Every structure is written in structure tokens, then in C-alpha cells.
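Participant: Right, I'll just put the structure down here and ask away after.
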Amino acid sequence: MTKLTSVFFTLLIICGLQLNAKEGMWIPMLLKQLNESEMQSMGLELSAQDIYSINQSSLKDAIVKFGGGCTGEIISSQGLLLTNHHCGYGQIQSHSSLKNDYLQNGFWAMSKKEELPNPGLTATFIVRMEDVTQKVTHGAVDGVFGSEREKIMAENMIKIIADATKDNHYEAEIKAFYNGNKYYLIVKEIFKDVRLVGAPPSSIGKFGFDTDNWMWPRHTGDFSMFRIYADKNNKPAEYSKNNVPYEPKHHLPISMKGTKPDDFSMVFGFPARTESYLPQTAVQYTVEKLNPARISMRDLSLKVLAEEMDADRKVNIQYASKQSRISNAWKKWIGQNKGLINMDAVEKKGEFEKEFIRSAQNAGKADYAAIPQLYNELYADYSPLDFARSMLIEYYHYGPELFKFAAGFKALLQEDLNDEEKKELQERLREKTTAHFKDYNIHVDRKLFEILTPKYLADLESPEIPVELKNHLNSDRAGEQLYAQTLFADEAKLKAFLDDFSSEDKDALRNDPAILLASDITGTYTQTVKPAYDSLAAVIDSVNKEYMTAIMQLMSNKKQYYPDANFTLRLSYGKVEGYEPKDGMVYKHYTTIDGIMEKMDTATKEFDVPKKLVHLYKAKDYGRYADENGDLIVCFTASNHTSGGNSGSPAINGKGELVGLNFDRTWESTMSDIMYDPTICRNIMVDIRYVLFITDKFAGADHLIKEMTLAN
Ligand code: ASP
């Protein structure tokens with residue numbers, strides 16, 4: 001261990017003296033130093049090596065990053081993968097049509113032959129992690145921020161990655177941790193043939209829909225199953241009929257015993273993003289300005305989607321996945337704001353900063369003491385830019401699809417393509433067109449345009465406003481004209497244009513109203529916001545780095561500090577427990593199938609229950625999946641610090657067995673990405689026995705249960 005590294009971790013360990021057991025997302029390769037003894041005192045029967053090792057198989061070999069935003073775990077020796085229903089939702093939706101409505105009816109492959117391929121879907125294992133801070137910063141002078149330093153570091157990184165991936169089939173990346181105080185190399189094995197095996201109907205996998213999302217008590221069977229396929233040498237390969245089920249180094253045994261209060265519990269997965277060290281000014285901006293604006297933008301789009309999806313089952317299937325994406329964050333931000341306001345987060349950050357300044361002054365560190373004020377000054381300029389950027393994301397990426405889709409065709413305007421490249425591009429765009437229109441309805445998109453555009457323009461300050469978009473909106477029947485005149489709202493018209501495309505058509509493409517407006521929207525942002533945003537963001541990054549170092553030096557008696565989540569493999573641990581959300585209320589840590597029947601309302605899509613589940617309930621036909629009292633447990637809560645990206649993560653007991661599948665947090669926990677309160681923040685998991693019950697008794701897919709290792 002280098003001197004720098006050892007000083008850094010000594011600091012972490014000193015910081016850990018007054019340990020807050022439940023907060024934190026820990027780095028697997030550092031568990032031995034930082035967490036092992038505490039975890040064992042809480043009930044872990046394994047060693048840190050059993051969880052993460054690069055020399056022997058360990059729990060980490062059963063954990064994958066699932067696609068681009070979730071976690072999954074391997075639950076059989078034949079590469080069977082478990083994740084959430086909401087993580088597999090895009091794939092389930094893409095295989096669904098009015099004829100094969102897997103969203104509504106569920107899907108179960110009764111043999112491997114029936115498993116469905118998913119082009120583009122990946123499952124990523126972590127081969128190893130390594131601290132490469134010294135190598136990355138070699139020759140880059142600390143304290144000097146700017147392009148020269150960045151350039152040296154970027155060159156160093158390229159070399160480290162090249163070395164790590166030489167003579168093997170791995171991929172690698174380097175990520176910054178502790179706000180840039182540490183750099184870790186992550187070597188990955190990425191599988192590209194991942195097939196859909198099974199999913200319950202949405203009335204189980206999404207039971208409670210938006211009403212229950214982010215809520216407790218919860219009764220959602222939020223799971224789906226996939227299988228990883230490999231080539232004959234068990235290595236990653238593109239999809240092929242000849243691929244075979246992947247043989248993992250480790251798969252999680254499944255506990256049939258369930259959990260009880262105070263049991264040790266850990267969640268192993270890929271939390272995407274937390275912002276635990278934001279300064280007061282940033283939290284205030286988020287609560288007062290950013291969240292309200294993006295919530296009201298999404299209020300509008302969700303209203304349109306609800307009307308259109310309720311009116312037409314085809315539209316419902318087409319927009320199911322898009323609606324979920326919009327509503328998931330929308331509801332989280334509402335809860336996050338409530339929680340942050342309830343706990344006086346802004347004031348708390350202010351008190352922390354006062355204490356920080358006092359500690360810095362006592363330690364004679366004037367530069368540290370100046371950081372909070374520096375943040376105030378920086379954010380005064382940065383927040384409006386961040387706001388304009390966030391509104392662009394809301395409008396351009398989550399609003400009407402027309403502009404972003406049209407902009408993708410600007411590639412045809414390139415001058416220097418040879419005939420073959422042109423043909424390839426046309427083919428790619430043709431495929432993109434087919435995929436896009438499968439899930440597109442011009443009427444819905446036009447309504448989104450009409451309702452969101454005035455709001456978007458009203459949210460921007462004058463130089464940020466795209467002028468052509470504004471002028472267009474002034475004309476009568478703006479939406480009607482735009483959608484009638486553009487090529488990009490009509491599949492047949494666009495395909496005919498693409499097929500006959502020649503250089504004479506470039507002007508028509510250039511002057512298409514959707515292309516013109518797309519360029520206006522993104523171009524105005526690029527000119528008026530992006531340069532200042534990028535340079536201020538870089539300065540803030542450098543202050544964040546110093547602030548993190550300073551907090552760990554000055555406030556070491558407070559708690560143990562963990563690096564913010566950055567979509568890398570982390571372990572959170574805590575206990576199975578309920579909580580008291582409000583004065584006079586106590587939440588139990590588990591729910592049962594009885595609660596599904598209490599919530600059942602067949603008149604609504606949200607709380608409809610499949611008849612077969614009602615029959616099984618009436619007959620109390622729970623098989624070996626009931627608990628010792630004969631109850632069928634559905635979900636449970638624990639104090640594991642999780643975030644988005646932890647969706648689909650395994651909940652593992654002290655013996656290393658799978659007890660549940662993490663899928664959500666409670667309403668009071670929606671603030672935990674910014675401020676975690678161990679007394680009320682809880683993650684929500686489906687009990688693994690409910691997953692098996694649905695797979696076996698409800699879906700009749702007991703061949704899958706036979707693949708698994710059931711522990712007793
Ligand atoms: N349900 C959450 C999500 O979809 C998971 C979490 O954030 O706890 O992002």
C-alpha cells in the first residue's frame with residue numbers, strides 16, 4: 001500500500017470510530033479494512049474474502065450490472081439471472097404486442113428453446129478492482145485544475161486500461177471515487193446474449209403501479225428472470241443459436257427460511273447516484289427550484305399519457321415503458337422534496353457547514369474554512385445554468401420524441417460518406433425507424449409537444465430560449481402544422497424518403513421543420529448555456545474534491561465516510577427492520593398475501609389481481625413457500641442504504657444466501673440520495689419465497705426451481 005493510500009484509509013478507519021452502521025455504500029475490495037469486523041458483529045457469518053475475492057470464487061461472481069441501469073444476480077449453475085420486473089420491463093414491453101401481450105399476461109419460457117433474445121441487453125460481471133490513483137495522477141500536478149492536468153490524467157488512464165485489457169477478453173474503465181480523491185480501475189466481463197426467461201403479469205410484477213411505487217406497505221412481485229448465454233468456452237459472445245447457458249463461478253443459494261427482525265442483511269449491487277456531500281446552497285436549489293420545475297413538467301406529460309393509455313390498449317403497450325420511466329423519477333422527486341423539507345435538510349446542511357468552518361478555523365486551515373462561501377458564490381452562477389440544462393433534458397429527452405428522433409437523421413447530411421458507408425447508414429436508420437414507430441403514436445406525441453412546449457419556453461431565461469421554437473409556437477395550429485409537415489412523424493413517408501435518398505434530397509432534409517427546430521433547441525443550449533455550465537462544473541468538481549478531503553480530516557469524529565454512489569459495485573448492510581414513519585404509526589417489516597387481497601380492486605388496473613392468484617390464496621395453496629405460521633410473505637424492509645441502480649440487487653443474509661430481491665425504497669427514504677436518516681430510511685425487497693411461489697405455483701415453471709440451489 002502506498003503512503004498516500006494508507007494515510008487516506010487510516011483517516012477512514014479513524015472516521016469509523018463512531019460508526020453509523022446503516023448509512024453507506026461500501027467498496028467491495030475495502031470491506032476487510034473498513035467493514036468486516038462490524039458486519040460480523042452484526043451477524044455476518046462470512047469473511048470479507050467470501051464476499052469479494054479475485055483469487056477464489058466469491059459472492060461478487062454472482063452479481064451483474066443488468067443492462068444500463070439495474071442489478072441482477074445469478075441463481076443457478078446454468079446462468080439463470082434474477083432481476084426486477086421493472087428492470088426487465090423494457091424487454092418485456094418490446095416483446096409485447098396486442099397478440100402477445102406479455103405485459104398483461106406474463107411470459108414464461110417452458111424450455112430453453114422458448115427463451116427470447118434481447119439485442120443490446122448486457123450482463124456485466126466485475127472481474128477485479130484496483131486502486132490506480134497514483135498511476136492516474138502521475139505527472140498531473142495536484143491543485144492545478146484545467147485542461148493540462150486533465151490531459152495528463154486522460155493519457156495515463158488510456159495506458160492503464162490498455163494494460164488491463166491486453167491479451168484478454170475483458171473491458172475496463174477507471175472511475176473517480178471520494179469526489180476525485182481516489183481512482184479505481186474496474187475490469188469487467190460483459191455478456192451480450194441475455195435472454196428473457198420469465199415474467200409475471202404486470203398485475204403481480206407491477207401490482208400497485210404508480211400509487212404504490214415508493215410506498216410501504218407494499219405487495220409487488222417485482223421480479224423477472226433472464227438467462228446469460230456464452231460461447232462454447234463459456235466466454236461472452238454476440239447472440240447465436242449455438243451459444244450455451246453460461247456456467248457462473250458462483251450462484252446464490254436460496255434461503256427458504258425467510259427473515260426476522262434484527263437479522264443481518266446486505267444488498268450487493270450497483271447503486272447509480274447519491275449526492276451525500278452536497279453543500280447547503282445546492283440542496284436549497286434542488287428543493288426550491290429544480291425539483292418543483294421538473295415535477296410540474298412531468299405532471300403535464302403524465303396527464304397526457306394517462307388519458308391516451310387508458311383510452312387505447314395499443315397505446316398502453318406502446319407507452320408502458322416510457323410512462324414508467326417518467327413517473328418513477330417524478331414520484332421520487334415529490335417524496336424527496338417532502339422528506340428534505342420535513343427533516344429541515346437545508347438548515348441541517350447549514351449547521352454542518354458552520355461546524356465545518358469552526359473546525360477548519362481551529363485547525364488553522366483558512367482555505368478549508370472558505371469552502372462553504374466559495375460554494376455559495378459558485379452556485380449563484382451555476383444553478384441557473386444547471387436549471388436550463390435540466391429543463392432541456394426534461395423537454396428534449398422526456399418530452400415529445402419528434403425532435404430527438406429527427407436529429408438522429410442529420411448523419412445523412414455528412415459530405416464525406418462513400419457508397420458503402422451511405423448504404424450502411426441508410427440500413428441502420430431504417431432499422432431505427434422500424435423500432436421507433438413500433439412504440440410511437442403521432443397523436444400522443446403531438447399532444448406532448450403542445451402541452452410541454454409553452455411550459456419549457458416559460459421556464460427559460462431570455463438568451464436560453466430557442467427563438468425559432470418560440471416563433472413557431474406563435475403561429476396558429478403550431479402542433480398540427482409541424483406534425484403534418486415533417487417527415488419524421490410518419491413511418492411510411494420516412495421509409496420511402498430513406499430508400500430513395502440521394503444528395504439532391506439533402507436540402508429537403510435540412511429544411512424539415514423537425515430538424516430545424518431540433519437544431520434550434522440543442523444549438524441554443526450549446527451556445528448560451530453549455531460553455532459556462534461546463535467550465536463552472538469543472539471548478540465545482542475541484543472544490544468537491546477538496547471539500548471531501550477536508551470533511552474527512554476535520555470531521556473524523558462524526559461518522560464513517562463512504563464515496564457517493566457512481567454506478568459501481570457496492571455493498572450496503574444493515575438489519576431487517578420496520579420503522580415509525582410518523583407520530584403514532586408503526587410499520588411492520590413485512591407484508592403477506594392477505595394484503596394483496598385487501599388491496600384488490602378489479603375495477604382498476606393498478607390493483608387488479610389475477611384470478612389464479614385468488615384461487616391459490618383461497619385454497620391456501622402456498623406449498624413449501626409459506627413461513628412457519630402458514631403465511632405467505634410478499635415483501636419486507638431493512639435498513640440497507642440503497643439507491644436507483646440497486647433495483648434488482650440481491651438481499652443476502654449472514655450466511656450468503658438469497659433472502660430477497662431489492663426493488664424500491666419507502667416514501668420516507670426517497671430523500672436518501674441526498675440525506676440518509678437511519679431511523680426512517682428503509683429499502684423494500686420481495687421475499688424470495690414469493691418469487692419462487694409465483695414461478696412455481698402460479699406460472700407452473702417448476703423446471704426453473706429445479707435449477708436453483710435451495711438451502712435450508
Ligand atoms: N425503485 C427504485 C428505482 O426504480 C429503486 C430505488 O431507487 O431504491 O430507482
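Lettering and numbering for the C-alpha cells are positional, with chains as A, B, ... in the shown order, residues counted from 1 in each chain, and ligands counted from 1 in the shown order.
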Restrict the calculation to only C-alpha atoms, then for each residue of region 558-622 of chain A with any atom at most 12 Å from an atom of region 309-316 of chain A give the closest atom pair and their distance in Å to one decimal, rows by chain and rising residue number, as a tab-separated table.
Facilitator:
residue	atom	partner	partner_atom	distance
A:Thr604	CA	A:Asp310	CA	10.8
A:Lys605	CA	A:Asp310	CA	9.6
A:Glu606	CA	A:Asp310	CA	11.8
Participant: Write out as a list in words each polymer residue (protein, DNA or RNA) that has an atom no more than 7 Å from ligand 1, with only C-alpha atoms and all ligand atoms counted.
Facilitator: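 Residues lying within 7 Å of ligand 1: Trp214, Asn328, Thr642, Ser643, Gly644, Gly645, Asn646, Ser647, Phe663, Asp664, Arg665 and Asn683 of chain A.
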Participant: What is the distance, in Å and to one decimal place, between CA of Leu392 (chain A) and CA of Thr522 (chain A)?
Facilitator: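 These two atoms are separated by 8.1 Å.
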Participant: So how far away is CA of Pro531 (chain A) from CA of Ala411 (chain A), in Å?
Facilitator: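 About the pair CA of Ala411 (chain A) and CA of Pro531 (chain A): they are 23.9 Å apart.
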Participant: Would you mind listing what lies within 9 Å of Ile152 (chain A) as a list in words, with only C-alpha atoms counted and same-chain residues fewer than 5 positions away left out?
Facilitator: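 What passes the distance filter is Val136, Thr137, His138, Gly139, Ala140, Ser147 and Met157 of chain A.
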Participant: Could the residues of region 217-287 of chain A that have an atom at most 7 Å from region 574-596 of chain A be listed as CSV, each with its closest atom pair and the distance in Å to one decimal, counting only C-alpha atoms and ordered by chain and ascending residue number?
Facilitator:
residue,atom,partner,partner_atom,distance
A:Pro217,CA,A:Thr591,CA,6.7
A:Arg218,CA,A:Thr591,CA,6.8
A:His219,CA,A:Ile596,CA,6.0
A:Lys260,CA,A:Val576,CA,6.6
A:Pro261,CA,A:Val576,CA,5.1
A:Asp262,CA,A:Lys575,CA,5.1
A:Asp263,CA,A:Val576,CA,5.3
A:Phe264,CA,A:Lys575,CA,4.7
A:Ser265,CA,A:Lys575,CA,5.2
A:Met266,CA,A:Gly574,CA,6.3
Participant: Just want the 12 Å neighbourhood of region 369-371 of chain A, counted on only C-alpha atoms, with same-chain residues fewer than 4 positions away dropped. Output as a PyMOL selection string.
Facilitator: chain A and resi 279-281+353-365+375-378+540+542-551+554
Participant: Store the residues of this selection in a file with C-alpha atoms, as a PDB file, in the first residue's frame.
Facilitator:
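To be explicit, this is the file written out as result-v4.pdb:
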ATOM      1  CA  PRO A 279     -23.373  21.941   0.062  1.00  0.00           C
ATOM      2  CA  GLN A 280     -26.314  23.757   1.596  1.00  0.00           C
ATOM      3  CA  THR A 281     -26.761  26.038  -1.378  1.00  0.00           C
ATOM      4  CA  GLU A 353     -21.182  23.935   7.372  1.00  0.00           C
ATOM      5  CA  LYS A 354     -20.924  26.201  10.417  1.00  0.00           C
ATOM      6  CA  GLU A 355     -19.365  23.371  12.358  1.00  0.00           C
ATOM      7  CA  PHE A 356     -17.080  22.622   9.435  1.00  0.00           C
ATOM      8  CA  ILE A 357     -15.905  26.243   9.322  1.00  0.00           C
ATOM      9  CA  ARG A 358     -15.275  26.240  13.087  1.00  0.00           C
ATOM     10  CA  SER A 359     -13.246  23.037  12.840  1.00  0.00           C
ATOM     11  CA  ALA A 360     -11.250  24.443   9.930  1.00  0.00           C
ATOM     12  CA  GLN A 361     -10.519  27.640  11.812  1.00  0.00           C
ATOM     13  CA  ASN A 362      -9.474  25.692  14.909  1.00  0.00           C
ATOM     14  CA  ALA A 363      -7.160  23.625  12.778  1.00  0.00           C
ATOM     15  CA  GLY A 364      -5.717  26.777  11.198  1.00  0.00           C
ATOM     16  CA  LYS A 365      -6.999  25.770   7.768  1.00  0.00           C
ATOM     17  CA  TYR A 375     -19.796  27.180  -2.931  1.00  0.00           C
ATOM     18  CA  ASN A 376     -22.348  29.960  -2.387  1.00  0.00           C
ATOM     19  CA  GLU A 377     -20.627  32.127  -4.944  1.00  0.00           C
ATOM     20  CA  LEU A 378     -20.184  29.346  -7.462  1.00  0.00           C
ATOM     21  CA  ILE A 540     -17.184  22.800  -8.676  1.00  0.00           C
ATOM     22  CA  SER A 542     -12.373  20.548  -7.966  1.00  0.00           C
ATOM     23  CA  VAL A 543     -13.943  22.189  -4.909  1.00  0.00           C
ATOM     24  CA  ASN A 544     -15.888  18.974  -4.238  1.00  0.00           C
ATOM     25  CA  LYS A 545     -12.614  17.090  -4.139  1.00  0.00           C
ATOM     26  CA  GLU A 546     -11.106  19.458  -1.619  1.00  0.00           C
ATOM     27  CA  TYR A 547     -14.292  19.572   0.453  1.00  0.00           C
ATOM     28  CA  MET A 548     -14.344  15.766   0.716  1.00  0.00           C
ATOM     29  CA  THR A 549     -10.720  15.672   1.879  1.00  0.00           C
ATOM     30  CA  ALA A 550     -11.412  18.451   4.340  1.00  0.00           C
ATOM     31  CA  ILE A 551     -14.536  16.825   5.783  1.00  0.00           C
ATOM     32  CA  LEU A 554     -11.744  17.784  10.126  1.00  0.00           C
TER      33      LEU A 554
END
Participant: What lies within 12 Å of Ile158 (chain A) using only C-alpha atoms, ignoring chain neighbours under 2 positions off, as a ChimeraX atom specification?
Facilitator: /A:135-136,151-156,160-165,172-174,185
Participant: Residues as selected, C-alpha atoms, written as a CSV table (one decimal), in the first residue's frame, can you do that?
Facilitator:
chain,number,residue,atom,x,y,z
A,135,LYS,CA,-0.8,5.9,-11.7
A,136,VAL,CA,-3.7,8.1,-12.9
A,151,LYS,CA,-5.0,15.7,-20.4
A,152,ILE,CA,-2.2,14.0,-18.5
A,153,MET,CA,-4.7,12.1,-16.4
A,154,ALA,CA,-6.6,11.0,-19.5
A,155,GLU,CA,-3.4,9.8,-21.1
A,156,ASN,CA,-2.5,7.9,-18.0
A,160,ILE,CA,-3.8,1.7,-17.6
A,161,ILE,CA,-6.9,0.5,-19.4
A,162,ALA,CA,-4.8,-0.8,-22.3
A,163,ASP,CA,-2.6,-2.7,-19.9
A,164,ALA,CA,-5.5,-4.2,-18.1
A,165,THR,CA,-7.2,-5.4,-21.2
A,172,ALA,CA,-12.1,-1.9,-18.3
A,173,GLU,CA,-12.9,1.6,-17.0
A,174,ILE,CA,-11.5,3.9,-14.4
A,185,LEU,CA,-9.7,0.6,-12.2
Participant: Using only C-alpha atoms, find the one residue out of A:Ala388, A:Met25, A:Tyr178, A:Val64 that sits nearest to Met552 (chain A).
Facilitator: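 Of the candidates, the smallest distance to Met552 (chain A) is held by A:Tyr178.
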Participant: When you draw a straight line from CA of Lys655 (chain A) to CA of Cys635 (chain A), how long is it in Å?
Facilitator: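 CA of Cys635 (chain A) lies 20.2 Å from CA of Lys655 (chain A).
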